[in-house]
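Colleague: Below: one structure in structure tokens.
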Amino acid sequence: MSVPARPEAAARAVAALLLLSAVAYTAWVLEVVLSTGLDPVQAYISELAAEDQPLGGLFRATDLVAGLAVLAAALLALSAFHLRRPEPPAAGGSPVRRPWAAGGWAALALFGAATAADSRLPLSCAPTSDEMCAARETAGLVPATHTAHAVTSSLAVLGALGGLTALTVAARRYRRWPPVARYGPWLLGAEVLATGWSLGAIAAFEAGRGTWALGAGQRLQVLLVALWLALLAAAVGRTGGRDCAGPRGTLVEGTVRDAPAAAAPSRTERRDPV
């Protein structure tokens, strides 16, 4: 049975937006060829977008694009695949419910909104490379955007981890998005480790014990999220409008999944196939 055009179009749009967000979210790699004056191993990745940095406007713009693209993709996915009235259940079945997928897209919406807000609340200076900035931050003499930025950054990390976790579980439980089901657990494990590294390094820096390669940890953390967004984009694009499969034998986004096998022929039918 063919998939309706509308879900297919929505899936293509979701995949394109996710891919755009993955590319924009890795704009920090431009520091390899551009002179930023910051040490990528030690500096917060957010310092690239600080107000006193020469290329701050560029990195704030790419963060805004990444956040808005993820937010749009998540809201479109929720609208097209999860906020509709459930399909009629098959005989003896139950309505299609996909809470893990819906929760994962909702977490991605949080990630996108927080990332977009993050770009509008930049740091005023770069504390890891500017001792005066670090001293003012410790004394509470920096603008309130520093605190707000920390809040939105934390929400973005929570949203990314929540989305990665829930959509990976959805891919495996509902037997959809094979690339996510296969590689999602590995990316999730690596993301948890990178997040732990970043949090430990931030705590060490705030305690005056050095940076513990804070920049490297954060860049790895962001890179893994971008890779997962690209993986999800590829998976959604491959499956088209057929979202996560529901119970066996139910109609999901226009496609019958795992319909029950035909009833075994009776003894009479076996004797006389005509």
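Residues are named by chain letter and number: chains run A, B, ... in the order of the structure tokens, numbers start at 1 in each chain, and ligands are numbered from 1 in the order shown.
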What are the closest atom pairs, with distances in Å to one decimal, for all residues of stretch 92-160 of chain A lying within 9 Å of stretch 171-192 of chain A? Consider only C-alpha atoms, order rows by chain and residue number, and present the result as a Markdown table.

Modeller:
| residue | atom | partner | partner_atom | distance |
| --- | --- | --- | --- | --- |
| A:Arg98 | CA | A:Tyr174 | CA | 7.9 |
| A:Trp100 | CA | A:Arg173 | CA | 8.7 |
| A:Ala101 | CA | A:Ala171 | CA | 8.0 |

Colleague: Save out the residues we just selected, N, CA, C and O atoms, as an mmCIF file, in the first residue's frame.

Modeller:
data_model
loop_
_atom_site.group_PDB
_atom_site.id
_atom_site.type_symbol
_atom_site.label_atom_id
_atom_site.label_comp_id
_atom_site.auth_asym_id
_atom_site.auth_seq_id
_atom_site.Cartn_x
_atom_site.Cartn_y
_atom_site.Cartn_z
ATOM 1 N N ARG A 98 2.799 5.650 20.186
ATOM 2 C CA ARG A 98 4.244 5.666 20.061
ATOM 3 C C ARG A 98 4.821 6.697 21.033
ATOM 4 O O ARG A 98 5.385 7.708 20.605
ATOM 5 N N TRP A 100 7.430 6.793 23.015
ATOM 6 C CA TRP A 100 8.867 7.048 23.005
ATOM 7 C C TRP A 100 9.239 7.984 21.865
ATOM 8 O O TRP A 100 10.074 8.886 22.028
ATOM 9 N N ALA A 101 8.636 7.781 20.701
ATOM 10 C CA ALA A 101 8.932 8.656 19.566
ATOM 11 C C ALA A 101 8.420 10.069 19.822
ATOM 12 O O ALA A 101 9.123 11.057 19.585
#

Colleague: Fewer than 3 positions away in the same chain doesn't count, so skip those; otherwise give me all residues within 9 Å of A:Ser153, counting only C-alpha atoms, as a ChimeraX atom specification.

Modeller: /A:114-115,117-118,148-150,156-158

Colleague: Residues as selected, all heavy atoms, written as a tab-separated table (two decimals), in the first residue's frame, can you do that?

Modeller:
chain	number	residue	atom	x	y	z
A	114	ALA	N	16.14	25.86	23.15
A	114	ALA	CA	17.21	26.29	24.06
A	114	ALA	C	18.45	26.73	23.29
A	114	ALA	O	19.12	27.69	23.67
A	114	ALA	CB	17.55	25.16	25.03
A	115	THR	N	18.76	26.03	22.20
A	115	THR	CA	19.92	26.41	21.39
A	115	THR	C	19.71	27.77	20.73
A	115	THR	O	20.62	28.61	20.68
A	115	THR	CB	20.20	25.34	20.32
A	115	THR	OG1	20.47	24.09	20.96
A	115	THR	CG2	21.39	25.71	19.46
A	117	ALA	N	17.73	30.14	21.88
A	117	ALA	CA	17.81	31.13	22.96
A	117	ALA	C	19.26	31.37	23.37
A	117	ALA	O	19.66	32.50	23.68
A	117	ALA	CB	16.98	30.66	24.16
A	118	ASP	N	20.05	30.31	23.36
A	118	ASP	CA	21.46	30.40	23.70
A	118	ASP	C	22.18	31.41	22.80
A	118	ASP	O	23.03	32.18	23.26
A	118	ASP	CB	22.10	29.02	23.51
A	118	ASP	CG	23.09	28.69	24.62
A	118	ASP	OD1	22.93	29.19	25.73
A	118	ASP	OD2	24.03	27.92	24.34
A	148	ALA	N	22.02	33.44	32.35
A	148	ALA	CA	20.96	32.97	31.45
A	148	ALA	C	21.53	32.01	30.42
A	148	ALA	O	20.88	31.00	30.07
A	148	ALA	CB	20.30	34.16	30.76
A	149	HIS	N	22.73	32.30	29.95
A	149	HIS	CA	23.37	31.42	28.97
A	149	HIS	C	23.64	30.04	29.58
A	149	HIS	O	23.47	29.02	28.90
A	149	HIS	CB	24.69	32.05	28.51
A	149	HIS	CG	25.38	31.29	27.42
A	149	HIS	ND1	25.12	31.49	26.09
A	149	HIS	CD2	26.33	30.30	27.47
A	149	HIS	CE1	25.86	30.67	25.37
A	149	HIS	NE2	26.61	29.94	26.19
A	150	ALA	N	24.06	30.02	30.82
A	150	ALA	CA	24.30	28.74	31.48
A	150	ALA	C	23.01	27.93	31.59
A	150	ALA	O	23.02	26.70	31.42
A	150	ALA	CB	24.90	28.97	32.87
A	156	ALA	N	19.61	22.86	26.73
A	156	ALA	CA	19.95	22.29	25.42
A	156	ALA	C	20.57	20.90	25.58
A	156	ALA	O	20.24	19.97	24.83
A	156	ALA	CB	20.89	23.22	24.67
A	157	VAL	N	21.47	20.75	26.55
A	157	VAL	CA	22.10	19.45	26.79
A	157	VAL	C	21.05	18.42	27.22
A	157	VAL	O	21.03	17.28	26.73
A	157	VAL	CB	23.20	19.57	27.85
A	157	VAL	CG1	23.70	18.19	28.28
A	157	VAL	CG2	24.37	20.40	27.32
A	158	LEU	N	20.16	18.82	28.12
A	158	LEU	CA	19.10	17.91	28.57
A	158	LEU	C	18.20	17.50	27.40
A	158	LEU	O	17.82	16.33	27.26
A	158	LEU	CB	18.27	18.57	29.66
A	158	LEU	CG	18.94	18.72	31.03
A	158	LEU	CD1	18.04	19.51	31.98
A	158	LEU	CD2	19.25	17.36	31.63

Colleague: Find the residues near stretch 64-77 of chain A: any atom within 7 Å, counting only C-alpha atoms, skip ones fewer than 4 places away on the same chain, and give them as JSON, numbers by chain.

Modeller: {"A": [14, 17, 18, 20, 21, 22, 24, 25, 60, 81, 105, 106, 108, 109, 112, 113, 115, 116, 119]}

Colleague: Which residue, A:Tyr44, A:Trp28, A:Phe111, A:Trp228, has the smallest gap to A:Asp130 when you use only C-alpha atoms?

Modeller: A:Tyr44

Colleague: Using only C-alpha atoms, determine which residues lie at most 7 Å from stretch 201-215 of chain A, disregarding the query and same-chain residues fewer than 3 positions distant; provide the list as number ranges by chain.

Modeller: A: 40-45, 197-198, 218-219

Colleague: Under the rule that only C-alpha atoms are counted, which of A:Ala235, A:Ala15, A:Leu110, A:Ala126 is the nearest residue to A:Pro54?

Modeller: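 When distances to A:Pro54 are compared using only C-alpha atoms, the smallest one comes from A:Ala126.
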
Colleague: If I take atom CA of A:Ala234 and atom CA of A:Ala13, how far is one from the other in Å, to one decimal?

Modeller: 11.7 Å

Colleague: Kindly indicate which residue among A:Thr145, A:Thr239, A:Ser129, A:Thr62 lies nearest to A:Thr26, using only C-alpha atoms for the distances.

Modeller: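 Distance minimum relative to A:Thr26 lands on A:Thr62.
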
Colleague: Pick the closest to A:Thr36 from A:Gly56, A:Gly200, A:Gly217, A:Gly140: which is it, counting only C-alpha atoms?

Modeller: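 For A:Thr36, the nearest of the candidates is A:Gly56.
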
Colleague: So which residues of stretch 27-264 of chain A fall under helix (DSSP H, G or I) by DSSP, listed as a ChimeraX atom specification?

Modeller: /A:27-32,45-49,56-82,99-120,131-138,145-173,178-206,214-239

Colleague: Quick one, how far is atom CA of A:Leu164 from atom CA of A:Gly104?

Modeller: 7.0 Å
